[in-house]
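Okay, work.cif now, which holds mmCIF, C-alpha atoms:
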data_input
loop_
_atom_site.label_atom_id
_atom_site.label_comp_id
_atom_site.auth_asym_id
_atom_site.auth_seq_id
_atom_site.Cartn_x
_atom_site.Cartn_y
_atom_site.Cartn_z
CA MET A 205 0.00 0.00 0.00
CA ASP A 206 1.44 3.37 -1.02
CA LEU A 207 0.52 5.76 1.79
CA GLU A 208 1.74 8.74 -0.19
CA LEU A 209 -1.39 8.41 -2.33
CA PHE A 210 -3.65 9.27 0.61
CA LYS A 211 -4.55 12.73 1.85
CA ALA A 212 -5.40 13.60 5.46
CA GLY A 213 -9.06 13.92 4.46
CA ASP A 214 -9.05 10.29 3.32
CA VAL A 215 -8.42 9.01 6.85
CA MET A 216 -9.66 11.81 9.12
CA ARG A 217 -13.14 13.05 9.86
CA SER A 218 -14.15 16.63 9.31
CA PRO A 219 -13.85 18.98 11.04
CA ILE A 220 -10.32 18.16 12.14
CA VAL A 221 -9.80 18.82 15.84
CA SER A 222 -6.18 19.53 16.65
CA LEU A 223 -4.41 20.08 19.95
CA LYS A 224 -1.57 22.36 20.98
CA THR A 225 1.36 20.92 22.93
CA ARG A 226 -0.08 22.52 26.09
CA GLN A 227 -3.81 22.19 26.75
CA SER A 228 -5.83 22.49 29.94
CA LEU A 229 -7.19 19.41 31.64
CA HIS A 230 -10.68 20.89 31.31
CA PHE A 231 -10.22 21.27 27.53
CA LEU A 232 -9.05 17.66 27.17
CA ALA A 233 -11.92 16.28 29.25
CA LYS A 234 -14.48 18.29 27.26
CA LEU A 235 -12.87 17.15 24.01
CA LEU A 236 -13.34 13.51 25.00
CA LEU A 237 -16.96 14.13 25.95
CA ASP A 238 -17.77 16.08 22.78
CA THR A 239 -16.07 13.85 20.19
CA SER A 240 -15.67 10.18 19.38
CA TYR A 241 -12.35 10.64 17.58
CA SER A 242 -9.74 8.02 18.37
CA GLY A 243 -6.79 10.36 17.94
CA PHE A 244 -5.81 13.97 17.39
CA PRO A 245 -2.99 15.76 15.58
CA VAL A 246 -0.83 17.92 17.83
CA VAL A 247 0.17 21.17 16.12
CA GLU A 248 2.40 24.13 16.82
CA VAL A 249 2.66 27.44 15.01
CA ASN A 250 5.89 27.87 13.06
CA ARG A 251 7.32 31.17 14.30
CA GLU A 252 8.86 32.00 10.94
CA THR A 253 5.89 31.29 8.67
CA GLY A 254 2.92 31.46 11.04
CA ASP A 255 1.66 28.15 9.66
CA GLU A 256 0.47 25.32 11.87
CA VAL A 257 2.87 22.39 11.66
CA VAL A 258 2.04 18.86 12.82
CA TYR A 259 4.14 18.09 15.85
CA GLY A 260 2.77 14.59 16.37
CA LEU A 261 -0.33 12.57 17.19
CA ILE A 262 -1.99 11.65 20.46
CA THR A 263 -4.56 8.92 20.95
CA ARG A 264 -7.75 9.10 22.98
CA LEU A 265 -6.37 6.45 25.35
CA ILE A 266 -3.24 8.47 26.11
CA ILE A 267 -5.39 11.55 26.85
CA ILE A 268 -7.47 9.46 29.28
CA ILE A 269 -4.29 8.23 30.98
CA ILE A 270 -2.96 11.82 31.27
CA ILE A 271 -6.24 12.93 32.88
CA ILE A 272 -6.24 10.03 35.37
CA ILE A 273 -2.60 10.57 36.36
CA THR A 274 -3.10 14.33 36.77
CA ILE A 275 -6.23 13.93 38.92
CA THR A 276 -4.51 11.26 41.04
CA LYS A 277 -1.46 13.49 41.62
CA GLU A 278 -3.66 16.47 42.46
CA ALA A 279 -5.63 14.39 44.96
CA ALA A 280 -2.39 13.21 46.57
CA GLY A 281 -1.12 16.77 46.82
CA LEU A 282 1.75 16.16 44.42
CA LEU A 283 0.75 18.97 42.04
CA ARG A 284 0.41 22.61 42.93
#
Step by step, read the file and then write its structure as structure tokens.
Amino acid sequence: MDLELFKAGDVMRSPIVSLKTRQSLHFLAKLLLDTSYSGFPVVEVNRETGDEVVYGLITRLIIIIIIIITITKEAAGLLR
């Protein structure tokens, strides 16, 4: 299979929901409640061009794990 023949629109639903490298826990939780997407592109703005550049991908499962770990650490007093 030649993956170069596919465009993002061939494998992603519209509208595309992207994340920044830093997002609030509230935003992530709401995102999971409001969408059924299994993964999200992570983008950053290129300082030279102003364009959004794909930094990577994050799956729904990893977001859930991040939320659980953060809440657990907050409850234990490990986060300020």
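Picture a line from atom CA of Thr239 of chain A to atom CA of Ile269 of chain A; it runs 16.9 Å.
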Output the residue selection produced by the PyMOL selection byres ((chain A and resi 249) around 12) on the file above, formatted as a PyMOL selection string. chain A and resi 222-225+246-248+250-259
Apply the PyMOL selection byres ((chain A and resi 265) around 12) to the displayed file and report the matching residues as a PyMOL selection string. chain A and resi 232-233+236+240-244+261-264+266-272
Counting all atoms listed in the file, which residue out of A:Pro245, A:Thr276, A:Leu283, A:Lys234 sits closest to Val221 of chain A?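 Looking only at the distances to Val221 of chain A, the closest residue turns out to be A:Pro245.
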Which residue, A:Leu282, A:Thr274, A:Met216, A:Gly260, has the smallest gap to Ser228 of chain A when you use all atoms listed in the file?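 Selected residue with least distance to Ser228 of chain A: A:Thr274.
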One number please: atom CA of Glu278 of chain A to atom CA of Asp238 of chain A, in Å, one decimal.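 A separation of 24.2 Å between them.
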